[in-house]
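Engineer: Next up is a structure, given as structure tokens.
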Amino acid sequence: MHERQGQTLGELCADLRMARQSATQHLAVLEAANLISSVRRGREKLHYLNPVPLHEVQERWIDKFERPRLRALANLKRQAEEEEEMTDKPTYVYVTYIHSTADRVWHALTDADLTGQFWGHSNVSDWEPGSTWEHRRTDGSGIADVVGTVLEAVPPKRLVMTFASPQHAAAESQVTFTIEPHRDIVRLTVTHEHLADQADYEAAAAGWPAVVANLKSLLETGRVLPQAPWELHAELRAAQLAGNDPG
């Protein structure tokens, strides 16, 4: 999966010297540990590495042993490996579990006031398929930093919409929210596909965990996090860049 995300069980088994049932058991253990996530596409189940816990290990334990030149070489290697053609499989997948109901999660994703609280922008639309939606600033200016079209809306299960900046509306990506209830909790899966380049991927990988963490806090405690999580990411990123500066 590190070499090629979004593989089916059959594709994974093709390179493994173990029975299909054994591979299924291994995948179940990894998914239970939140080290991988899966997405249903028709009758197929696609598997993805979940970078979040691995990233936390890196931030807490590995980074203090790294040297700037090793990080630079790793970035060069990653950029070379990611020069591949885009496919119709999701580019970025994020999964979390929320102590809430599917109806409340759906309402939080589509209500302008609630999105303004946990996302920093208000999502404004009538949420009917074919309708436009806007990601508007909450400073009273009414400026939309993201615009798109609602492609699919099946409350409270699935919401699909295009995602683009107003200045580059033709270069749109696609976001899908999948809401799956299980007793007293909800599994929320965010997939972001058709990302244009590595910069867009890094923005998605940084943005979605921060937004969803704030959403989870709001639904479970009634309050968003004390500080905006994306600000923490920006500070950590700035510190990393400063540490890599040879000057």
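Residue numbering restarts at 1 in every chain; chains get A, B, ... in the order shown in the structure tokens, and ligands count up from 1 in that same order.
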For the alpha helix (DSSP H) assignment from backbone DSSP, which residues of region 178-222 of chain A qualify? Please present them as a VMD selection string.

Structural biologist: chain A and resid 198 to 221

Engineer: Selected residues, C-alpha atoms, written as a short mmCIF file (atom, residue, chain, number, x, y, z; two decimals), in the first residue's frame, please.

Structural biologist:
```cif
data_model
loop_
_atom_site.label_atom_id
_atom_site.label_comp_id
_atom_site.auth_asym_id
_atom_site.auth_seq_id
_atom_site.Cartn_x
_atom_site.Cartn_y
_atom_site.Cartn_z
CA GLN A 198 1.79 17.53 -4.40
CA ALA A 199 1.00 20.96 -2.93
CA ASP A 200 -2.73 20.22 -3.07
CA TYR A 201 -2.15 16.83 -1.48
CA GLU A 202 -0.16 18.34 1.38
CA ALA A 203 -2.88 20.96 1.92
CA ALA A 204 -5.53 18.23 2.10
CA ALA A 205 -3.40 16.06 4.41
CA ALA A 206 -2.92 18.99 6.77
CA GLY A 207 -6.39 20.50 6.52
CA TRP A 208 -8.80 17.59 6.86
CA PRO A 209 -7.46 16.17 10.16
CA ALA A 210 -7.60 19.67 11.66
CA VAL A 211 -11.15 20.38 10.48
CA VAL A 212 -12.47 16.96 11.50
CA ALA A 213 -10.80 17.19 14.93
CA ASN A 214 -12.62 20.48 15.54
CA LEU A 215 -15.90 18.94 14.32
CA LYS A 216 -15.43 15.93 16.62
CA SER A 217 -14.76 18.19 19.63
CA LEU A 218 -17.83 20.31 18.91
CA LEU A 219 -20.18 17.34 18.63
CA GLU A 220 -18.78 15.46 21.62
CA THR A 221 -18.24 18.34 24.06
#
```

Engineer: Could you give me the residues within region 2-63 of chain A that DSSP places in strand (DSSP E or B), as a list in words?

Structural biologist: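 Strand (DSSP E or B) assignments inside region 2-63 of chain A correspond to Gln7, Ile36, Ser37, Ser38, Val39, Arg40, Arg41, Glu44, Lys45, Leu46, His47, Tyr48 and Leu49 of chain A.
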
Engineer: Report, in Å to a single decimal, how far apart CA of Ser122 (chain A) and CA of His135 (chain A) are.

Structural biologist: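 Value for the CA of His135 (chain A)-CA of Ser122 (chain A) distance: 5.6 Å.
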
Engineer: Counting only C-alpha atoms, figure out which residue out of A:Gln5, A:Pro229, A:Arg158, A:Leu27 gets nearest to Gly120 (chain A).

Structural biologist: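 When distances to Gly120 (chain A) are compared using only C-alpha atoms, the smallest one comes from A:Pro229.
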
Engineer: Go through A:Val154, A:Ile185, A:Val146, A:Leu241 one by one, measure the shortest atom-to-atom distance of each to Ala169 (chain A) using only C-alpha atoms, and give the residue with the smallest value.

Structural biologist: A:Val146

Engineer: At a cut-off of 9 Å, using only C-alpha atoms, what residues contact Leu159 (chain A)? Leave out same-chain residues fewer than 5 positions from it and give the result as a VMD selection string.

Structural biologist: chain A and resid 106 127 150 to 154 175 to 179

Engineer: Extract, using only C-alpha atoms, all DNA, RNA and protein residues at most 10 Å from Val95 (chain A), discarding same-chain residues fewer than 2 positions from it, and format them as a list in words.

Structural biologist: Asn34, Ile36, Ser37, Ser38, Val39, Asn50, Val52, Val93, Tyr97, Phe177, Thr178, Arg187, Leu188, Thr189, Val190, Thr191, Trp208, Pro209 and Val212 of chain A

Engineer: Compile the contact shell of Ser165 (chain A) as a count of residues only: residues with an atom at most 12 Å away, counting only C-alpha atoms, same-chain residues fewer than 2 positions apart removed.

Structural biologist: 20

Engineer: Skip Val186 (chain A) itself and residues of its chain fewer than 6 positions away, then list as a list in words all residues within 7 Å of it, counting only C-alpha atoms.

Structural biologist: Tyr97, Ile98, His99, Ser100, Thr101, Ala102, Ile179 and Glu180 of chain A

Engineer: Could you turn the residues from that selection into a file that holds N, CA and C atoms, as a compact mmCIF listing (two decimals), in the first residue's frame?

Structural biologist:
```txt
# COMPACT_ATOMS: atom_id res chain seq x y z
N TYR A 97 -13.75 8.50 14.14
CA TYR A 97 -14.94 8.00 14.82
C TYR A 97 -15.43 9.06 15.80
N ILE A 98 -16.73 9.32 15.78
CA ILE A 98 -17.31 10.39 16.58
C ILE A 98 -18.44 9.84 17.45
N HIS A 99 -18.45 10.21 18.71
CA HIS A 99 -19.56 9.84 19.60
C HIS A 99 -20.73 10.78 19.32
N SER A 100 -21.55 10.40 18.37
CA SER A 100 -22.66 11.24 17.93
C SER A 100 -23.60 10.38 17.10
N THR A 101 -24.55 11.05 16.44
CA THR A 101 -25.46 10.36 15.53
C THR A 101 -25.19 10.81 14.10
N ALA A 102 -25.65 10.01 13.15
CA ALA A 102 -25.46 10.37 11.74
C ALA A 102 -26.16 11.68 11.42
N ILE A 179 -20.92 8.91 5.96
CA ILE A 179 -21.30 8.84 7.37
C ILE A 179 -21.92 7.46 7.63
N GLU A 180 -21.29 6.69 8.52
CA GLU A 180 -21.74 5.33 8.80
C GLU A 180 -21.98 5.17 10.30
```

Engineer: For His26 (chain A), work out the shell of residues within 12 Å, counting only C-alpha atoms and skipping chain neighbours fewer than 6 positions away, then give it as an NGL selection string.

Structural biologist: :A and (9 or 12-13 or 16 or 18-20 or 32-33 or 35-36)

Engineer: Would you mind reading off the distance between CA of Leu49 (chain A) and CA of Ser22 (chain A), one decimal, in Å?

Structural biologist: 18.6 Å

Engineer: Rounded to one decimal in Å, what is the spacing between CA of Asp15 (chain A) and CA of Asp197 (chain A)?

Structural biologist: 28.6 Å
